[in-house]
Structures are given as structure tokens and as C-alpha cells.
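Participant: The file below is final37.csv, CSV, C-alpha atoms:
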```
chain,number,residue,atom,x,y,z
A,1,MET,CA,6.8,1.7,12.8
A,2,ASP,CA,5.6,-1.7,11.6
A,3,LEU,CA,3.8,-2.1,8.3
A,4,ASN,CA,0.5,-2.9,9.8
A,5,SER,CA,0.5,0.4,11.8
A,6,LEU,CA,1.3,2.3,8.6
A,7,ASN,CA,-1.4,0.6,6.6
A,8,GLN,CA,-3.9,1.4,9.4
A,9,PHE,CA,-2.7,5.0,9.4
A,10,LEU,CA,-3.5,5.3,5.7
A,11,VAL,CA,-7.0,4.1,6.1
A,12,VAL,CA,-7.7,6.5,9.0
A,13,ALA,CA,-6.1,9.3,6.9
A,14,ARG,CA,-8.3,8.5,4.0
A,15,LEU,CA,-11.6,8.3,5.9
A,16,GLU,CA,-10.8,10.8,8.7
A,17,HIS,CA,-13.1,8.8,10.9
A,18,LEU,CA,-11.9,6.2,13.5
A,19,SER,CA,-15.0,4.1,13.8
A,20,ARG,CA,-15.4,3.7,10.0
A,21,ALA,CA,-11.7,3.0,9.6
A,22,ALA,CA,-12.0,0.4,12.4
A,23,ASP,CA,-14.9,-1.2,10.6
A,24,GLU,CA,-13.0,-1.3,7.3
A,25,LEU,CA,-9.9,-2.7,8.9
A,26,ARG,CA,-11.9,-5.1,11.1
A,27,VAL,CA,-10.2,-4.1,14.3
A,28,ALA,CA,-11.5,-2.7,17.5
A,29,GLN,CA,-11.7,1.1,17.6
A,30,PRO,CA,-9.7,1.4,20.9
A,31,SER,CA,-6.9,-0.7,19.4
A,32,LEU,CA,-6.8,1.6,16.3
A,33,SER,CA,-6.8,4.7,18.5
A,34,ARG,CA,-3.7,3.3,20.3
A,35,THR,CA,-2.0,2.6,17.0
A,36,ILE,CA,-2.4,6.2,15.8
A,37,ALA,CA,-1.3,7.5,19.2
A,38,ARG,CA,1.9,5.4,19.1
A,39,LEU,CA,2.7,6.7,15.6
A,40,GLU,CA,2.2,10.3,16.8
A,41,SER,CA,4.4,9.6,19.8
A,42,GLU,CA,7.2,8.2,17.7
A,43,LEU,CA,7.0,11.2,15.3
A,44,GLY,CA,6.7,13.7,18.2
A,45,THR,CA,3.7,15.5,16.7
A,46,PRO,CA,0.0,15.0,16.2
A,47,LEU,CA,-1.0,13.8,12.7
A,48,PHE,CA,-4.7,14.7,13.1
A,49,ASP,CA,-6.7,17.6,14.5
A,50,ARG,CA,-9.3,16.4,16.9
A,51,GLY,CA,-11.4,19.5,17.4
A,52,GLY,CA,-14.9,18.0,17.0
A,53,ARG,CA,-14.1,15.9,13.9
A,54,LEU,CA,-11.0,14.0,13.1
A,55,ARG,CA,-9.0,15.9,10.4
A,56,LEU,CA,-5.6,15.1,8.9
A,57,ASN,CA,-3.4,18.0,9.7
A,58,GLU,CA,-0.4,19.3,7.6
A,59,ALA,CA,2.1,17.0,9.4
A,60,GLY,CA,-0.3,14.1,8.7
A,61,LYS,CA,-0.6,15.0,5.0
A,62,LEU,CA,3.2,15.2,4.8
A,63,PHE,CA,3.7,11.9,6.5
A,64,ARG,CA,0.9,10.3,4.4
A,65,GLY,CA,2.8,11.0,1.2
A,66,TYR,CA,5.9,9.3,2.4
A,67,VAL,CA,4.0,6.3,3.8
A,68,GLU,CA,2.2,5.9,0.5
A,69,ARG,CA,5.4,6.0,-1.5
A,70,SER,CA,7.2,3.6,0.9
A,71,LEU,CA,4.5,1.0,1.0
A,72,GLY,CA,4.0,1.4,-2.7
A,73,GLU,CA,7.7,0.7,-3.4
A,74,LEU,CA,7.5,-2.4,-1.2
A,75,GLU,CA,4.5,-3.7,-3.2
A,76,ALA,CA,6.3,-2.8,-6.5
A,77,GLY,CA,9.3,-4.7,-5.3
A,78,ARG,CA,7.2,-7.8,-4.4
A,79,ARG,CA,5.6,-7.8,-7.8
A,80,ALA,CA,9.0,-7.2,-9.5
A,81,VAL,CA,10.5,-10.2,-7.7
A,82,ALA,CA,7.5,-12.4,-8.6
A,83,GLU,CA,7.9,-11.4,-12.3
A,84,ALA,CA,11.6,-12.1,-12.3
A,85,THR,CA,11.6,-15.4,-10.5
A,86,SER,CA,8.5,-17.1,-11.9
A,87,GLU,CA,6.3,-16.9,-14.9
A,88,GLY,CA,5.7,-13.3,-14.2
A,89,VAL,CA,2.9,-11.2,-12.7
A,90,ARG,CA,-0.2,-12.4,-14.5
A,91,THR,CA,-2.5,-9.7,-13.2
A,92,VAL,CA,-3.0,-6.1,-14.4
A,93,ARG,CA,-5.0,-3.7,-12.3
A,94,LEU,CA,-6.9,-0.9,-14.0
A,95,ALA,CA,-8.9,1.9,-12.3
A,96,SER,CA,-11.4,4.1,-14.1
A,97,GLU,CA,-14.4,6.3,-13.4
A,98,THR,CA,-16.3,4.3,-16.0
A,99,PHE,CA,-15.5,1.2,-18.1
A,100,LEU,CA,-18.2,1.7,-20.8
A,101,THR,CA,-15.6,3.6,-22.9
A,102,LEU,CA,-13.0,0.9,-22.4
A,103,THR,CA,-14.9,-2.2,-23.4
A,104,GLY,CA,-13.2,-2.3,-26.9
A,105,PRO,CA,-9.5,-2.3,-25.8
A,106,LEU,CA,-10.3,-4.5,-22.8
A,107,ALA,CA,-11.9,-7.1,-25.0
A,108,ALA,CA,-9.0,-7.0,-27.4
A,109,TYR,CA,-6.5,-7.3,-24.5
A,110,LYS,CA,-8.2,-10.4,-23.2
A,111,ARG,CA,-8.3,-12.0,-26.6
A,112,ALA,CA,-4.6,-11.3,-27.1
A,113,HIS,CA,-3.6,-12.3,-23.5
A,114,PRO,CA,-6.2,-14.8,-22.2
A,115,SER,CA,-4.0,-16.0,-19.4
A,116,VAL,CA,-3.7,-12.6,-17.8
A,117,GLU,CA,-6.2,-11.8,-15.1
A,118,VAL,CA,-7.6,-8.2,-15.5
A,119,GLU,CA,-8.7,-6.5,-12.2
A,120,LEU,CA,-11.1,-3.6,-12.8
A,121,HIS,CA,-11.4,-1.0,-10.0
A,122,TRP,CA,-14.0,1.8,-10.0
A,123,SER,CA,-12.3,4.9,-8.7
A,124,PRO,CA,-13.1,8.7,-8.6
A,125,ALA,CA,-10.4,10.8,-10.2
A,126,GLU,CA,-9.3,12.4,-6.9
A,127,ASP,CA,-8.3,9.0,-5.6
A,128,MET,CA,-6.2,7.9,-8.6
A,129,ALA,CA,-2.9,9.6,-7.8
A,130,ARG,CA,-2.9,8.1,-4.3
A,131,ARG,CA,-3.7,4.7,-5.6
A,132,LEU,CA,-0.9,4.9,-8.2
A,133,ARG,CA,1.6,6.1,-5.7
A,134,ALA,CA,0.6,3.2,-3.3
A,135,HIS,CA,0.9,0.7,-6.2
A,136,ASP,CA,-2.7,-0.3,-5.4
A,137,VAL,CA,-3.4,-0.2,-9.2
A,138,ASP,CA,-1.1,-0.2,-12.2
A,139,LEU,CA,-3.0,2.1,-14.6
A,140,CYS,CA,-5.8,4.7,-14.3
A,141,VAL,CA,-8.1,6.1,-17.0
A,142,ALA,CA,-9.7,9.4,-16.0
A,143,SER,CA,-12.2,11.6,-17.9
A,144,GLN,CA,-11.1,14.7,-16.0
A,145,PRO,CA,-7.8,16.3,-15.1
A,146,ILE,CA,-5.6,14.9,-12.3
A,147,GLU,CA,-3.2,17.5,-11.0
A,148,ALA,CA,-0.5,15.6,-9.1
A,149,GLU,CA,3.2,15.1,-9.2
A,150,GLY,CA,4.9,11.9,-10.1
A,151,LEU,CA,2.5,10.8,-12.8
A,152,GLU,CA,3.0,10.0,-16.5
A,153,ARG,CA,0.1,10.5,-18.8
A,154,MET,CA,-1.2,10.1,-22.3
A,155,GLN,CA,-4.3,11.7,-23.6
A,156,LEU,CA,-6.5,9.2,-25.4
A,157,LEU,CA,-9.6,11.2,-26.5
A,158,ASP,CA,-10.7,14.8,-26.5
A,159,GLU,CA,-14.4,15.1,-27.3
A,160,ALA,CA,-17.3,17.4,-26.9
A,161,VAL,CA,-19.9,16.7,-24.3
A,162,GLY,CA,-23.5,17.6,-25.2
A,163,VAL,CA,-26.9,17.4,-23.6
A,164,ALA,CA,-29.1,14.4,-24.3
A,165,THR,CA,-32.9,15.0,-24.3
A,166,PRO,CA,-36.0,13.0,-25.2
A,167,PRO,CA,-37.1,13.7,-28.8
A,168,ASP,CA,-40.2,15.7,-27.6
A,169,HIS,CA,-38.2,18.0,-25.3
A,170,PRO,CA,-38.1,21.7,-26.2
A,171,LEU,CA,-34.3,21.6,-26.5
A,172,ALA,CA,-34.4,18.7,-29.0
A,173,ALA,CA,-35.0,21.1,-31.9
A,174,ARG,CA,-31.9,23.2,-31.1
A,175,THR,CA,-28.5,22.8,-32.7
A,176,SER,CA,-26.8,24.1,-29.6
A,177,VAL,CA,-27.6,25.4,-26.2
A,178,SER,CA,-25.8,27.6,-23.6
A,179,VAL,CA,-25.1,26.6,-20.0
A,180,GLU,CA,-27.3,29.5,-18.9
A,181,GLU,CA,-30.2,28.1,-20.8
A,182,LEU,CA,-29.8,24.8,-19.0
A,183,ALA,CA,-30.4,26.4,-15.6
A,184,GLY,CA,-33.7,25.2,-14.2
A,185,GLN,CA,-33.8,22.1,-16.4
A,186,ALA,CA,-34.2,18.8,-14.6
A,187,PHE,CA,-31.0,16.8,-14.8
A,188,VAL,CA,-30.4,13.1,-14.6
A,189,THR,CA,-26.7,12.6,-13.6
A,190,ALA,CA,-24.2,10.4,-11.8
A,191,ARG,CA,-23.4,10.6,-8.2
A,192,LYS,CA,-20.6,12.8,-6.9
A,193,GLY,CA,-17.2,11.4,-7.9
A,194,HIS,CA,-18.2,10.5,-11.4
A,195,TRP,CA,-16.8,12.7,-14.2
A,196,GLN,CA,-20.2,13.7,-15.6
A,197,ARG,CA,-21.3,15.0,-12.3
A,198,ARG,CA,-18.1,16.9,-11.7
A,199,LEU,CA,-18.3,18.4,-15.2
A,200,LEU,CA,-21.9,19.5,-14.6
A,201,ASP,CA,-21.0,21.0,-11.2
A,202,ARG,CA,-18.0,22.8,-12.7
A,203,LEU,CA,-20.0,24.3,-15.7
A,204,PHE,CA,-22.7,25.7,-13.4
A,205,ALA,CA,-20.4,26.9,-10.6
A,206,ALA,CA,-18.3,28.8,-13.1
A,207,ARG,CA,-21.4,30.8,-13.9
A,208,ASP,CA,-22.7,31.1,-10.3
A,209,LEU,CA,-25.5,28.6,-11.1
A,210,THR,CA,-26.6,25.4,-9.4
A,211,PRO,CA,-27.9,22.5,-11.5
A,212,LYS,CA,-31.4,21.2,-10.7
A,213,ILE,CA,-30.7,17.5,-10.1
A,214,VAL,CA,-33.8,15.2,-9.9
A,215,CYS,CA,-32.0,11.9,-10.2
A,216,GLU,CA,-28.6,10.6,-9.2
A,217,VAL,CA,-27.4,7.1,-10.3
A,218,ASP,CA,-24.4,4.9,-9.8
A,219,GLU,CA,-25.2,2.9,-12.9
A,220,LEU,CA,-24.1,5.2,-15.8
A,221,SER,CA,-25.7,3.0,-18.4
A,222,ALA,CA,-29.1,3.7,-16.8
A,223,ILE,CA,-28.8,7.5,-17.5
A,224,ALA,CA,-29.8,7.2,-21.1
A,225,ASP,CA,-32.9,5.1,-20.3
A,226,LEU,CA,-34.0,7.5,-17.5
A,227,ILE,CA,-33.6,10.4,-19.9
A,228,GLY,CA,-35.6,8.6,-22.5
A,229,ALA,CA,-38.3,7.9,-20.0
A,230,GLY,CA,-38.7,11.6,-19.6
A,231,LEU,CA,-37.3,12.1,-16.2
A,232,GLY,CA,-34.9,14.8,-17.3
A,233,ILE,CA,-31.9,15.7,-19.5
A,234,GLY,CA,-28.2,14.9,-19.0
A,235,LEU,CA,-24.7,15.5,-20.1
A,236,VAL,CA,-23.5,12.8,-22.6
A,237,PRO,CA,-20.2,12.5,-24.4
A,238,ALA,CA,-20.0,12.3,-28.1
A,239,PHE,CA,-18.5,8.8,-27.8
A,240,ALA,CA,-21.6,7.5,-26.2
A,241,ARG,CA,-23.7,8.3,-29.3
A,242,GLN,CA,-22.0,5.3,-30.9
A,243,THR,CA,-23.3,3.0,-28.2
A,244,ALA,CA,-26.7,1.4,-28.8
A,245,THR,CA,-29.4,2.3,-26.3
A,246,ARG,CA,-33.0,1.3,-26.0
A,247,ALA,CA,-34.0,4.9,-25.5
A,248,PRO,CA,-34.4,7.3,-28.5
A,249,LEU,CA,-32.5,10.4,-27.5
A,250,VAL,CA,-31.5,13.6,-29.2
A,251,TRP,CA,-27.9,14.9,-28.6
A,252,THR,CA,-27.5,18.7,-28.6
A,253,ALA,CA,-24.2,20.6,-28.5
A,254,VAL,CA,-23.4,22.8,-25.5
A,255,ALA,CA,-22.0,26.2,-26.5
A,256,SER,CA,-19.1,26.2,-24.1
A,257,PRO,CA,-15.5,25.4,-24.8
A,258,ASP,CA,-15.1,23.8,-21.4
A,259,CYS,CA,-17.9,21.3,-21.9
A,260,ARG,CA,-15.5,18.5,-23.0
A,261,ARG,CA,-14.2,15.2,-21.8
A,262,ARG,CA,-10.5,14.5,-22.0
A,263,LEU,CA,-9.9,10.8,-21.5
A,264,THR,CA,-6.4,10.3,-20.2
A,265,LEU,CA,-4.3,7.3,-19.2
A,266,PHE,CA,-2.1,7.7,-16.1
A,267,TRP,CA,0.6,5.6,-14.5
A,268,GLY,CA,3.3,6.2,-11.9
A,269,ALA,CA,6.4,8.0,-13.3
A,270,ASP,CA,8.7,5.9,-11.2
A,271,SER,CA,6.7,2.7,-11.3
A,272,HIS,CA,8.1,-0.7,-12.4
A,273,LEU,CA,5.2,-1.8,-14.5
A,274,SER,CA,4.8,-5.5,-15.0
A,275,THR,CA,4.9,-7.0,-18.4
A,276,ALA,CA,1.1,-7.5,-18.2
A,277,ALA,CA,0.6,-3.8,-17.3
A,278,ARG,CA,2.9,-2.6,-20.1
A,279,LEU,CA,1.0,-4.7,-22.6
A,280,MET,CA,-2.3,-3.2,-21.3
A,281,ARG,CA,-0.8,0.3,-21.6
A,282,THR,CA,0.2,-0.3,-25.2
A,283,MET,CA,-3.2,-1.7,-26.0
A,284,ILE,CA,-5.0,1.3,-24.6
A,285,THR,CA,-2.7,3.9,-26.1
A,286,ASP,CA,-2.6,2.3,-29.5
A,287,TRP,CA,-6.4,1.9,-29.7
A,288,ASP,CA,-8.2,3.8,-32.4
A,289,TRP,CA,-10.4,6.1,-30.3
A,290,THR,CA,-11.8,8.0,-33.2
A,291,THR,CA,-14.1,5.1,-34.3
```
Would you mind writing the file's structure down as C-alpha cells?

Facilitator:
Amino acid sequence: MDLNSLNQFLVVARLEHLSRAADELRVAQPSLSRTIARLESELGTPLFDRGGRLRLNEAGKLFRGYVERSLGELEAGRRAVAEATSEGVRTVRLASETFLTLTGPLAAYKRAHPSVEVELHWSPAEDMARRLRAHDVDLCVASQPIEAEGLERMQLLDEAVGVATPPDHPLAARTSVSVEELAGQAFVTARKGHWQRRLLDRLFAARDLTPKIVCEVDELSAIADLIGAGLGIGLVPAFARQTATRAPLVWTAVASPDCRRRLTLFWGADSHLSTAARLMRTMITDWDWTT
């Protein structure tokens, strides 16, 4: 089992699609198919179910965990040696669902450590545990829970999430609104994977409701402007009320204890964090998130 084959297996396991995996890896699909077949032959069992669509089976999921940890440890070892034998690892890799909340500590970090290169990776929360185990990133900041073993965490912020409306919207005069009262309202929200969308879906699903989504965006900063333009309403955290926006909006509380954002920093429990990553962790955890 060579490293290239294991890396290719991880891509196929993540995408569960041979042609898309081949495109991402820039290899021929027949060659990738033979690589997966050789791995399965060595292990003596199929790693994927092939009934119609490629699906990672239980053996494949078990193997994937070991491969991620093994390749992650090799990458951690490479970075540890680089740090020990030279000027150190001068890069820190941070993944998050949104970086709007992190601009303060990131700016402070760059001022304090101008020679360190900061790599920012957008990542949905469900990918963060895998990326930390594989040492693909050093730190992750999520606005929703990550239930996975082998992670250390520190909660940074626990805040209410309300609904933002244009000033002339009927809900703008309310001090609070229930989730049931939001049914049928036109929502402007993020695409699937972003924490606002996952929260919206969870709130409605818990009440056997489906949100009426009229606009999905990748650019979170555009949500406020689209709401201000009268296209709909949207979930907005209390923290965002401190951010200047061109659109005049009214923020109304949602009468539900589960309509909250819990911003949490994650890192691998067994990770050897570089000095640059440890300094970043300290900067984020020591930041005053109440202002």
C-alpha cells in the first residue's frame, strides 16, 4: 500500500464518485479504478458497495479512519521535523464556516506575527473532524456542534440568533417571534453546509416544518443586503449586529432556546501543533468575544 494509493482512496471515499475523484486527482478513471481494486484485493474485502452508485461500505469506513490517522501522523511528523531543524513551521492553517466573526483575532495575530503565513480554508462543520485527523488543517472554528472522537475544543461564544427583517416588515414591530410564526415567510439564507442554513433546517425540522427559501447565497456578507432589499428575512447572530452594513435591518429575537450559535475552536487531541498554530490558538481563545 503506497502513499499515493492511500491518498487516492481517501478522495474516492470522500466523493463516492470515481469520475469526479479522477478529475480532482487529475488521473485517468481506469487507472483510479485499478488502484481501488488493488487495495481491496490486498485487504481481502470490498471497500465500496457498487449497486448503482458507489458507496463507502462499513469496511471502507473503518479503513478510512485508519488511513486518515496514518497519513495525518506522517504530515504531522514532517511539520515537526521542519520546526525542529529550521526556523520552524511558519504557516498556520485555519478552517471555518465563516471568517466574518474572526477578522478581529486574525488581524491581531498578523500584527503580532507578521512573518507567519496564515492559510484560511472554508469548510463545512461535517468535514472538520476529518481534516483535523488528516492534519490537513491545524485548527477549526465551527458555529455548530461537531460530534467526533479525538478532538479538543474550547467554546468561544454562545449567543442568540435572531431574525433580521427590513424595517417595514410586519415582524419588525415584534420583540420576539416563534419558529411556527416564521413558517411561510420567505428566507434569504446560505447554501447547505453553512451553519445558518443548518440551524434554519434544524429549527424547522424539529417542528415538522419546511422553510420557504427564496434565495441561497455563498457570500454570507450579502445576506444582510438582500434582506434589506426586501427579498426576504433571515437568521442573523447577535454578533453580526455589531458589524456595519449598508442595509437598515431590524433584529427580532426568536422564542426558542435552541436558536443559538455556539462558536467553538477545535484541534486534534493528539496533534503536535506547531508554534505558529499554538500562538493562533492562544490568540483566538484569549480574544474578548463579548465586545

Participant: Using only C-alpha atoms, which of the listed residues (A:Ile223, A:Cys259, A:Leu273, A:Leu235) sits closest to A:Ala206?

Facilitator: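 So, comparing all the options, the nearest one is A:Cys259.
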
Participant: Tell me, in Å to one decimal, how far atom CA of A:Trp267 is from atom CA of A:Val67.

Facilitator: 18.6 Å

Participant: One decimal, in Å: what's the spacing between atom CA of A:Asp225 and atom CA of A:Met128?

Facilitator: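 Here the two named atoms are 29.3 Å from each other.
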
Participant: Nearest to A:Leu139 among A:Gln196, A:Asn4, A:Ser41, A:Ser274, with distances taken over only C-alpha atoms: which residue is it?

Facilitator: A:Ser274

Participant: What separation in Å, quoted to one decimal, exists between atom CA of A:Val161 and atom CA of A:Asp286?

Facilitator: 23.1 Å

Participant: Using only C-alpha atoms, which residue out of A:Ala173, A:Val236, A:Val12, A:Leu265 lies closest to A:Leu151?

Facilitator: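 Residue with the minimum atom-to-atom distance to A:Leu151: A:Leu265.
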
Participant: Between A:Glu16, A:Glu42, A:Asp23, A:Glu68, which residue has the minimum interatomic distance to A:Leu3, considering all atoms listed in the file?

Facilitator: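 Between A:Glu16, A:Glu42, A:Asp23, A:Glu68, the residue approaching A:Leu3 most closely is A:Glu68.
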
Participant: Rank nothing, just name the residue among A:Lys212, A:Arg64, A:Arg202, A:Arg26 nearest to A:Ser256, using all atoms listed in the file.

Facilitator: A:Arg202

Participant: Neighbouring residues of A:Ile284 were defined as those with any atom within 10 Å, considering only C-alpha atoms; residues of the same chain fewer than 6 positions away were excluded. Please report them as an mmCIF file with C-alpha atoms, in the frame of the given file.

Facilitator:
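Result saved to selection_34.cif:
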```cif
data_model
loop_
_atom_site.group_PDB
_atom_site.id
_atom_site.type_symbol
_atom_site.label_atom_id
_atom_site.label_comp_id
_atom_site.auth_asym_id
_atom_site.auth_seq_id
_atom_site.Cartn_x
_atom_site.Cartn_y
_atom_site.Cartn_z
ATOM 1 C CA LEU A 102 -13.000 0.900 -22.400
ATOM 2 C CA GLY A 104 -13.200 -2.300 -26.900
ATOM 3 C CA PRO A 105 -9.500 -2.300 -25.800
ATOM 4 C CA LEU A 106 -10.300 -4.500 -22.800
ATOM 5 C CA ALA A 108 -9.000 -7.000 -27.400
ATOM 6 C CA TYR A 109 -6.500 -7.300 -24.500
ATOM 7 C CA VAL A 141 -8.100 6.100 -17.000
ATOM 8 C CA MET A 154 -1.200 10.100 -22.300
ATOM 9 C CA LEU A 156 -6.500 9.200 -25.400
ATOM 10 C CA LEU A 265 -4.300 7.300 -19.200
ATOM 11 C CA ARG A 278 2.900 -2.600 -20.100
#
```

Participant: Could you tell me which of A:Ser123, A:Leu18, A:Thr175, A:Met280 comes closest to A:Ala107 if we count all atoms listed in the file?

Facilitator: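 Looking at the shortest contact to A:Ala107, the residue is A:Met280.
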
Participant: Within 12 Å of A:Arg130, counting all atoms listed in the file, which residues show up once you throw out same-chain ones fewer than 6 positions away? Write them as a PyMOL selection string, please.

Facilitator: chain A and resi 10-11+13-14+61+64-69+71-72+95+123-124+136-140+146-151+266-268
